[in-house]
$ cat model.pdb   # PDB, C-alpha atoms
ATOM      1  CA  MET Y   1    -111.968  47.362  49.668
ATOM      2  CA  ASP Y   2    -108.314  48.194  49.174
ATOM      3  CA  PHE Y   3    -105.619  46.434  51.162
ATOM      4  CA  PRO Y   4    -101.997  47.530  51.571
ATOM      5  CA  ASP Y   5     -99.568  45.821  49.170
ATOM      6  CA  ASP Y   6     -97.886  43.972  52.047
ATOM      7  CA  PHE Y   7    -101.173  42.730  53.577
ATOM      8  CA  GLU Y   8    -101.345  38.956  53.983
ATOM      9  CA  PHE Y   9    -104.577  37.068  54.394
ATOM     10  CA  GLY Y  10    -104.313  34.537  57.161
ATOM     11  CA  GLU Y  11    -105.664  31.030  57.133
ATOM     12  CA  TYR Y  12    -107.646  29.262  59.781
ATOM     13  CA  SER Y  13    -108.912  25.757  60.336
ATOM     14  CA  MET Y  14    -112.171  24.658  58.750
ATOM     15  CA  ARG Y  15    -112.276  21.174  60.246
ATOM     16  CA  SER Y  16    -114.802  21.390  63.069
ATOM     17  CA  SER Y  17    -118.057  19.477  62.931
ATOM     18  CA  PRO Y  18    -120.268  21.264  62.365
ATOM     19  CA  ARG Y  19    -117.911  23.421  60.334
ATOM     20  CA  GLY Y  20    -119.614  26.605  61.439
ATOM     21  CA  ASN Y  21    -122.825  28.387  62.365
ATOM     22  CA  VAL Y  22    -124.817  30.514  59.958
ATOM     23  CA  LEU Y  23    -127.737  32.828  60.619
ATOM     24  CA  ILE Y  24    -130.012  33.344  57.610
ATOM     25  CA  ILE Y  25    -132.760  35.964  57.876
ATOM     26  CA  ASN Y  26    -135.112  36.052  54.907
ATOM     27  CA  ASN Y  27    -137.381  39.105  54.867
ATOM     28  CA  GLU Y  28    -139.691  38.454  51.959
ATOM     29  CA  GLN Y  29    -143.090  39.976  52.774
ATOM     30  CA  PHE Y  30    -143.283  43.569  54.051
ATOM     31  CA  GLU Y  31    -146.116  45.515  55.713
ATOM     32  CA  ASP Y  32    -146.408  47.898  52.753
ATOM     33  CA  ASN Y  33    -147.221  44.810  50.624
ATOM     34  CA  LYS Y  34    -143.835  44.905  48.913
ATOM     35  CA  CYS Y  35    -142.601  41.417  48.260
ATOM     36  CA  ARG Y  36    -139.079  40.377  47.301
ATOM     37  CA  ASP Y  37    -139.651  38.253  44.219
ATOM     38  CA  GLY Y  38    -137.277  35.317  44.106
ATOM     39  CA  ALA Y  39    -136.567  35.476  47.833
ATOM     40  CA  ARG Y  40    -137.518  31.845  48.374
ATOM     41  CA  VAL Y  41    -135.099  30.723  45.682
ATOM     42  CA  ASP Y  42    -132.291  32.834  47.183
ATOM     43  CA  PHE Y  43    -133.047  31.432  50.641
ATOM     44  CA  ALA Y  44    -133.149  27.838  49.376
ATOM     45  CA  ASN Y  45    -129.836  28.297  47.544
ATOM     46  CA  LEU Y  46    -128.103  29.748  50.625
ATOM     47  CA  HIS Y  47    -129.543  27.019  52.823
ATOM     48  CA  ASN Y  48    -128.317  24.367  50.385
ATOM     49  CA  VAL Y  49    -124.791  25.810  50.139
ATOM     50  CA  PHE Y  50    -124.295  26.124  53.895
ATOM     51  CA  ASN Y  51    -125.806  22.686  54.462
ATOM     52  CA  LYS Y  52    -123.356  21.147  51.965
ATOM     53  CA  LEU Y  53    -120.498  23.009  53.666
ATOM     54  CA  GLY Y  54    -121.475  21.358  56.958
ATOM     55  CA  PHE Y  55    -122.826  24.406  58.805
ATOM     56  CA  LYS Y  56    -125.461  24.423  61.527
ATOM     57  CA  ILE Y  57    -128.177  26.687  60.148
ATOM     58  CA  TYR Y  58    -130.240  29.124  62.209
ATOM     59  CA  GLU Y  59    -133.022  30.593  60.120
ATOM     60  CA  HIS Y  60    -135.715  33.227  60.521
ATOM     61  CA  SER Y  61    -138.265  34.656  58.116
ATOM     62  CA  ASN Y  62    -140.133  37.954  57.904
ATOM     63  CA  LEU Y  63    -138.833  39.650  61.036
ATOM     64  CA  GLU Y  64    -139.938  43.050  62.277
ATOM     65  CA  TYR Y  65    -137.410  45.493  63.743
ATOM     66  CA  TRP Y  66    -137.039  44.234  67.322
ATOM     67  CA  PRO Y  67    -137.247  40.496  66.548
ATOM     68  CA  MET Y  68    -134.635  41.011  63.820
ATOM     69  CA  LYS Y  69    -132.242  42.791  66.194
ATOM     70  CA  ASP Y  70    -132.890  40.135  68.857
ATOM     71  CA  ALA Y  71    -132.194  37.276  66.404
ATOM     72  CA  ILE Y  72    -128.840  38.807  65.492
ATOM     73  CA  LYS Y  73    -127.903  39.438  69.136
ATOM     74  CA  GLU Y  74    -128.910  35.917  70.189
ATOM     75  CA  PHE Y  75    -126.913  34.410  67.336
ATOM     76  CA  ALA Y  76    -123.878  36.464  68.359
ATOM     77  CA  LYS Y  77    -124.153  35.127  71.927
ATOM     78  CA  LEU Y  78    -124.337  31.428  71.000
ATOM     79  CA  GLU Y  79    -121.982  29.335  73.094
ATOM     80  CA  ASP Y  80    -121.719  26.982  70.091
ATOM     81  CA  HIS Y  81    -119.431  29.525  68.404
ATOM     82  CA  ALA Y  82    -116.585  28.300  70.620
ATOM     83  CA  LEU Y  83    -116.985  24.789  69.146
ATOM     84  CA  VAL Y  84    -116.886  25.700  65.449
ATOM     85  CA  ASP Y  85    -114.351  27.262  63.107
ATOM     86  CA  MET Y  86    -116.540  29.869  61.429
ATOM     87  CA  ALA Y  87    -119.706  31.931  61.716
ATOM     88  CA  ALA Y  88    -121.640  33.773  59.012
ATOM     89  CA  VAL Y  89    -124.692  36.022  58.854
ATOM     90  CA  CYS Y  90    -126.805  36.361  55.706
ATOM     91  CA  ILE Y  91    -129.702  38.808  55.616
ATOM     92  CA  LEU Y  92    -131.962  38.837  52.587
ATOM     93  CA  SER Y  93    -134.055  41.994  52.576
ATOM     94  CA  HIS Y  94    -134.545  45.472  51.161
ATOM     95  CA  GLY Y  95    -132.238  48.221  52.360
ATOM     96  CA  ASP Y  96    -129.471  50.600  51.402
ATOM     97  CA  THR Y  97    -125.762  50.950  52.119
ATOM     98  CA  LYS Y  98    -126.381  51.841  55.778
ATOM     99  CA  LYS Y  99    -129.493  49.939  56.891
ATOM    100  CA  ILE Y 100    -131.303  46.672  56.259
ATOM    101  CA  GLN Y 101    -135.081  46.912  56.206
ATOM    102  CA  SER Y 102    -137.183  44.909  58.649
ATOM    103  CA  THR Y 103    -140.633  43.769  57.539
ATOM    104  CA  ASP Y 104    -142.310  46.653  59.386
ATOM    105  CA  GLY Y 105    -140.316  49.115  57.256
ATOM    106  CA  LEU Y 106    -137.766  50.182  59.843
ATOM    107  CA  GLY Y 107    -134.059  50.226  59.075
ATOM    108  CA  VAL Y 108    -131.749  48.061  61.165
ATOM    109  CA  GLU Y 109    -128.147  49.269  61.350
TER     110      GLU Y 109
END
$ encode --input "model.pdb" --output "structure tokens"
Amino acid sequence: MDFPDDFEFGEYSMRSSPRGNVLIINNEQFEDNKCRDGARVDFANLHNVFNKLGFKIYEHSNLEYWPMKDAIKEFAKLEDHALVDMAAVCILSHGDTKKIQSTDGLGVE
């Protein structure tokens, strides 16, 4: 991503407790029997990092299309976001540049 030469990145507080909320969706096992090798290690590493950073972690595994969309929408609506300084979403799955694959093989935009 290119930024204009005069663009300045702002700073914001990271002092709340918990520091932030993070949603981690780990789609590892898919209906077509594809499996993401190493997914558990990736998930454990993300969980560990956000835990050490002081985040409240919301996690889901192996979500089909509608449950995946619902998990993201519900996370976005959390009232807790007003009490923390940051929110993050991490989705571990197959996909391409436009869609992330749910476990039933459908692409979520």
$ resolve_selection --input "model.pdb" --expression "the PyMOL selection byres ((chain Y and resi 87) around 10)" --output "PyMOL selection string"
chain Y and resi 19-23+55-56+75-76+80-81+84-86+88-89
$ resolve_selection --input "model.pdb" --expression "the PyMOL selection byres ((chain Y and resi 107) around 10)" --output "PyMOL selection string"
chain Y and resi 64-65+94-96+98-106+108-109
$ residues_near_point --input "model.pdb" --point "(-137.1, 29.9, 57.0)" --cutoff "8 Å" --atoms "only C-alpha atoms" --output "list in words"
Ile24, Ile25, Asn26, Phe43, Glu59, His60 and Ser61 of chain Y
$ write_last_selection --input "model.pdb" --atoms "C-alpha atoms" --output "mmCIF file, in the coordinates of the input"
data_model
loop_
_atom_site.group_PDB
_atom_site.id
_atom_site.type_symbol
_atom_site.label_atom_id
_atom_site.label_comp_id
_atom_site.auth_asym_id
_atom_site.auth_seq_id
_atom_site.Cartn_x
_atom_site.Cartn_y
_atom_site.Cartn_z
ATOM 1 C CA ILE Y 24 -130.012 33.344 57.610
ATOM 2 C CA ILE Y 25 -132.760 35.964 57.876
ATOM 3 C CA ASN Y 26 -135.112 36.052 54.907
ATOM 4 C CA PHE Y 43 -133.047 31.432 50.641
ATOM 5 C CA GLU Y 59 -133.022 30.593 60.120
ATOM 6 C CA HIS Y 60 -135.715 33.227 60.521
ATOM 7 C CA SER Y 61 -138.265 34.656 58.116
#
$ atom_distance --input "model.pdb" --atom1 "atom CA of Tyr58 of chain Y" --atom2 "atom CA of Arg15 of chain Y"
19.7 Å
$ atom_distance --input "model.pdb" --atom1 "atom CA of Ala44 of chain Y" --atom2 "atom CA of Leu92 of chain Y"
11.5 Å
$ axis_aligned_box --input "model.pdb" --around "segment 31-47 of chain Y" --padding-each-side "3 Å" --output "JSON"
{"center_x": -137.7, "center_y": 37.5, "center_z": 49.9, "size_x": 25.1, "size_y": 26.9, "size_z": 17.6}
$ atom_distance --input "model.pdb" --atom1 "atom CA of Ser93 of chain Y" --atom2 "atom CA of Asn27 of chain Y"
5.0 Å
$ closest_residue --input "model.pdb" --among "Y:Thr97, Y:Ile91, Y:Asp6, Y:Ser16" --to "Asn62 of chain Y" --atoms "all atoms listed in the file"
Y:Ile91
